[in-house]
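The structure appears right after this line, and notes come after that.
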Amino acid sequence: MIVENILFWIFAPLAVTAALGVVFHRSLIYSALFLIVVFLSIAGVFVLNNADFLAVAQTIVYGVGLTIVILFGIMFTGDRPFDDRLASPGKRLAYLIVGAMLLAMLIPAAVYQYNIHPASEALIATYMTEGSTGLLGLALFTQYALPFEVASVLLLLAMVGAIILSKKQMVPTEKTSVKYALPSTTLGSTAEEIYEKAPFHGHLPKEQPASEAETNGAETQEMIGV
Amino acid sequence: MLDTVFNVTLTHYLVLASVLFIIGLVGVMTCRNVIRVLMSLELMLNAVNINMVAFNNYLNPEMADGTPLLSGHVFSIFILTIAAAEAAVGLAIVIALYRQRATVDMETFNLLKG
């Protein structure tokens, strides 16, 4: 019990200070690194709550995967140090006051006594021997089977959507001159005209000459040994 | 008095979760960099996860026949899934916006403004 208390008082202040670093540090890269600290300390809090599987999942998904994605995003967009604050300082102050008031709402919640339902002997025995993973799998595939399947569909959709959103656009815009798109003046009305006027048609043979195709075919036949 | 503060109960986890949630909320409201807003959003989702797991650990939900049911952990896993999907799509949107505007400043994204 004493160990749990000490560990909580290590993880919780660490998480809070690192979270403050995420929001208020000037450099975005440092913010992302602070985010890793937050995720790992929250994984520690999960362990204190008998959620061993979730702690490992938190470390893998958040602590490693998600922060790498975010770091990629920072690298793609450049860690340009523009002023990361709202334009009007009054608005910023107002939002900070809103946050402080929400924090003040904690005071009655912090003194409230909750009705704790104690763990059964069997549950404690399971936690001590095999952990929570088996029980979690049981819940996921019996009680929550439908949401589980819906979540898998959601992940697929998110993956496809992310690819579609982030691929290079084929339409020329003012900022990006995409070399794959043809200038509109070169386009003709028929497919033949478009093909003739296209600047890259020299690289794409229109159709193979008949004689060449025949010799190719003969060579292939010889190689096969027909 | 000091003892009641030091000994960890459900309330401690709830306070930790709400503090993290409010830090994330302030970050979402006050930051102009889209990526930092996304990071603050992840903070908020994680705070909710702490809430779920702590309630599960202290309230120990059971099925009708008495077998333990880890509902809090399951909700937490779903939040994890949604957060992963949200981060992927969010960063894809950020990169698409960056191609369009060459910046990640929230206040320049006024494409739909009349």
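Labels used: A, B, ... for chains in the order of the structure tokens, numbers from 1 for residues in each chain, and numbers from 1 for ligands as shown.
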
Query raised in the report: When the cut-off is 7 Å and we count only C-alpha atoms, which residues of chain B are near chain A, given as a PyMOL selection string?
Result: chain B and resi 6-8+11+15-16+19-20+22-23+26-27+29-33+40+53-54+57-60+68-70+73-74+84-85+88-89+91-93+95-96+98+100

Query raised in the report: Could you name the residues that touch Leu111 in chain B at 12 Å or less, counting only C-alpha atoms, but leaving out those on the same chain fewer than 3 positions away, as a list of chain:residue names?
Result: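 Within the cut-off, the hits are B:Leu97, B:Gln100, B:Arg101, B:Met106, B:Glu107, B:Thr108, B:Gly114.
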
**Report entry** d(CA of Ile35 in chain B, CA of Val104 in chain B) in Å
**Finding:**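 Those two atoms sit 7.6 Å apart.
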
Query raised in the report: If you measure from CA of Val37 in chain A to CA of Leu14 in chain A, what distance in Å do you get, rounded to one decimal?
Result: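 CA of Leu14 in chain A lies 7.8 Å from CA of Val37 in chain A.
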
Report task. Between CA of Val28 in chain B and CA of Ile36 in chain A, measure the distance and give it in Å to one decimal. Result ->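 Pair CA of Val28 in chain B / CA of Ile36 in chain A returns 18.1 Å.
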
Query raised in the report: What residues in range 45-117 of chain A get the DSSP label helix (DSSP H, G or I)? Please answer as an NGL selection string.
Result: :A and (45-48 or 52-77 or 89-104 or 106-111)

Would you output that residue set with N, CA and C atoms, as a short mmCIF file (atom, residue, chain, number, x, y, z; two decimals), in the first residue's frame?
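Result file part.cif:
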data_model
loop_
_atom_site.label_atom_id
_atom_site.label_comp_id
_atom_site.auth_asym_id
_atom_site.auth_seq_id
_atom_site.Cartn_x
_atom_site.Cartn_y
_atom_site.Cartn_z
N VAL A 45 0.38 5.00 -13.95
CA VAL A 45 -0.87 5.12 -13.20
C VAL A 45 -1.79 3.94 -13.51
N PHE A 46 -1.78 3.50 -14.77
CA PHE A 46 -2.60 2.33 -15.13
C PHE A 46 -2.14 1.09 -14.37
N VAL A 47 -0.83 0.92 -14.26
CA VAL A 47 -0.33 -0.24 -13.52
C VAL A 47 -0.81 -0.19 -12.07
N LEU A 48 -0.79 1.01 -11.48
CA LEU A 48 -1.27 1.14 -10.10
C LEU A 48 -2.73 0.77 -9.98
N ASP A 52 -2.78 -3.86 -16.30
CA ASP A 52 -1.46 -4.12 -16.87
C ASP A 52 -1.48 -4.11 -18.39
N PHE A 53 -2.52 -4.75 -18.97
CA PHE A 53 -2.60 -4.78 -20.44
C PHE A 53 -2.70 -3.37 -20.99
N LEU A 54 -3.54 -2.55 -20.36
CA LEU A 54 -3.72 -1.19 -20.84
C LEU A 54 -2.43 -0.39 -20.71
N ALA A 55 -1.66 -0.66 -19.67
CA ALA A 55 -0.39 0.06 -19.51
C ALA A 55 0.54 -0.24 -20.67
N VAL A 56 0.60 -1.53 -21.05
CA VAL A 56 1.47 -1.90 -22.17
C VAL A 56 0.92 -1.30 -23.47
N ALA A 57 -0.39 -1.38 -23.65
CA ALA A 57 -0.99 -0.81 -24.87
C ALA A 57 -0.75 0.69 -24.93
N GLN A 58 -0.86 1.34 -23.77
CA GLN A 58 -0.61 2.79 -23.70
C GLN A 58 0.82 3.10 -24.12
N THR A 59 1.78 2.29 -23.61
CA THR A 59 3.18 2.54 -23.96
C THR A 59 3.40 2.36 -25.46
N ILE A 60 2.79 1.29 -26.02
CA ILE A 60 3.06 1.00 -27.43
C ILE A 60 2.33 1.98 -28.33
N VAL A 61 1.02 2.17 -28.08
CA VAL A 61 0.22 2.97 -29.01
C VAL A 61 0.50 4.45 -28.83
N TYR A 62 0.42 4.92 -27.58
CA TYR A 62 0.62 6.36 -27.36
C TYR A 62 2.11 6.70 -27.27
N GLY A 63 2.79 6.04 -26.33
CA GLY A 63 4.16 6.44 -26.03
C GLY A 63 5.11 6.32 -27.19
N VAL A 64 4.86 5.35 -28.07
CA VAL A 64 5.76 5.17 -29.21
C VAL A 64 5.07 5.58 -30.51
N GLY A 65 3.94 4.92 -30.83
CA GLY A 65 3.35 5.12 -32.15
C GLY A 65 2.85 6.53 -32.39
N LEU A 66 2.00 6.99 -31.49
CA LEU A 66 1.35 8.28 -31.73
C LEU A 66 2.35 9.43 -31.69
N THR A 67 3.31 9.36 -30.76
CA THR A 67 4.27 10.47 -30.70
C THR A 67 5.15 10.49 -31.94
N ILE A 68 5.43 9.30 -32.51
CA ILE A 68 6.23 9.29 -33.74
C ILE A 68 5.43 9.93 -34.87
N VAL A 69 4.12 9.63 -34.93
CA VAL A 69 3.28 10.26 -35.95
C VAL A 69 3.28 11.77 -35.79
N ILE A 70 3.17 12.21 -34.52
CA ILE A 70 3.14 13.65 -34.27
C ILE A 70 4.49 14.29 -34.62
N LEU A 71 5.58 13.58 -34.29
CA LEU A 71 6.91 14.11 -34.64
C LEU A 71 7.05 14.21 -36.15
N PHE A 72 6.51 13.21 -36.88
CA PHE A 72 6.53 13.29 -38.35
C PHE A 72 5.76 14.52 -38.82
N GLY A 73 4.61 14.75 -38.18
CA GLY A 73 3.82 15.92 -38.55
C GLY A 73 4.59 17.21 -38.32
N ILE A 74 5.32 17.28 -37.19
CA ILE A 74 6.11 18.48 -36.91
C ILE A 74 7.21 18.64 -37.95
N MET A 75 7.86 17.51 -38.29
CA MET A 75 8.94 17.59 -39.28
C MET A 75 8.42 18.02 -40.64
N PHE A 76 7.23 17.52 -41.00
CA PHE A 76 6.67 17.86 -42.31
C PHE A 76 6.33 19.34 -42.40
N THR A 77 5.79 19.87 -41.31
CA THR A 77 5.31 21.25 -41.38
C THR A 77 6.36 22.23 -40.90
N PRO A 89 -4.48 39.20 -26.37
CA PRO A 89 -4.12 38.70 -25.04
C PRO A 89 -5.33 38.63 -24.11
N GLY A 90 -6.34 39.44 -24.38
CA GLY A 90 -7.54 39.40 -23.53
C GLY A 90 -8.25 38.07 -23.63
N LYS A 91 -8.34 37.57 -24.89
CA LYS A 91 -8.99 36.28 -25.12
C LYS A 91 -8.23 35.17 -24.41
N ARG A 92 -6.90 35.25 -24.53
CA ARG A 92 -6.06 34.23 -23.90
C ARG A 92 -6.26 34.22 -22.39
N LEU A 93 -6.29 35.43 -21.82
CA LEU A 93 -6.51 35.55 -20.38
C LEU A 93 -7.88 34.96 -20.00
N ALA A 94 -8.89 35.24 -20.85
CA ALA A 94 -10.22 34.73 -20.57
C ALA A 94 -10.22 33.21 -20.55
N TYR A 95 -9.52 32.60 -21.51
CA TYR A 95 -9.48 31.13 -21.55
C TYR A 95 -8.75 30.57 -20.34
N LEU A 96 -7.67 31.25 -19.94
CA LEU A 96 -6.96 30.78 -18.75
C LEU A 96 -7.86 30.86 -17.53
N ILE A 97 -8.69 31.92 -17.45
CA ILE A 97 -9.60 32.06 -16.32
C ILE A 97 -10.64 30.94 -16.34
N VAL A 98 -11.12 30.60 -17.55
CA VAL A 98 -12.07 29.49 -17.67
C VAL A 98 -11.45 28.22 -17.12
N GLY A 99 -10.17 27.97 -17.49
CA GLY A 99 -9.49 26.79 -16.99
C GLY A 99 -9.38 26.81 -15.48
N ALA A 100 -9.04 27.97 -14.91
CA ALA A 100 -8.90 28.07 -13.46
C ALA A 100 -10.23 27.82 -12.77
N MET A 101 -11.32 28.32 -13.39
CA MET A 101 -12.63 28.10 -12.77
C MET A 101 -13.02 26.63 -12.81
N LEU A 102 -12.69 25.96 -13.93
CA LEU A 102 -12.96 24.52 -13.99
C LEU A 102 -12.18 23.79 -12.91
N LEU A 103 -10.92 24.23 -12.70
CA LEU A 103 -10.11 23.61 -11.64
C LEU A 103 -10.75 23.83 -10.28
N ALA A 104 -11.30 25.03 -10.07
CA ALA A 104 -11.93 25.33 -8.78
C ALA A 104 -13.14 24.45 -8.53
N LEU A 106 -13.20 21.49 -8.88
CA LEU A 106 -12.72 20.22 -8.33
C LEU A 106 -12.89 20.15 -6.83
N ILE A 107 -12.88 21.31 -6.17
CA ILE A 107 -12.79 21.30 -4.71
C ILE A 107 -13.93 20.50 -4.06
N PRO A 108 -15.22 20.73 -4.46
CA PRO A 108 -16.26 19.87 -3.88
C PRO A 108 -16.11 18.41 -4.27
N ALA A 109 -15.63 18.16 -5.51
CA ALA A 109 -15.47 16.76 -5.93
C ALA A 109 -14.38 16.07 -5.12
N ALA A 110 -13.37 16.83 -4.72
CA ALA A 110 -12.23 16.21 -4.04
C ALA A 110 -12.57 15.81 -2.62
N VAL A 111 -13.60 16.40 -2.01
CA VAL A 111 -13.93 16.02 -0.64
C VAL A 111 -15.09 15.03 -0.60
#

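Shortest separation to Glu42 in chain B among B:Glu86, B:Leu2, B:Pro61, B:Tyr13 occurs at residue B:Glu86, atoms counted being only C-alpha atoms.
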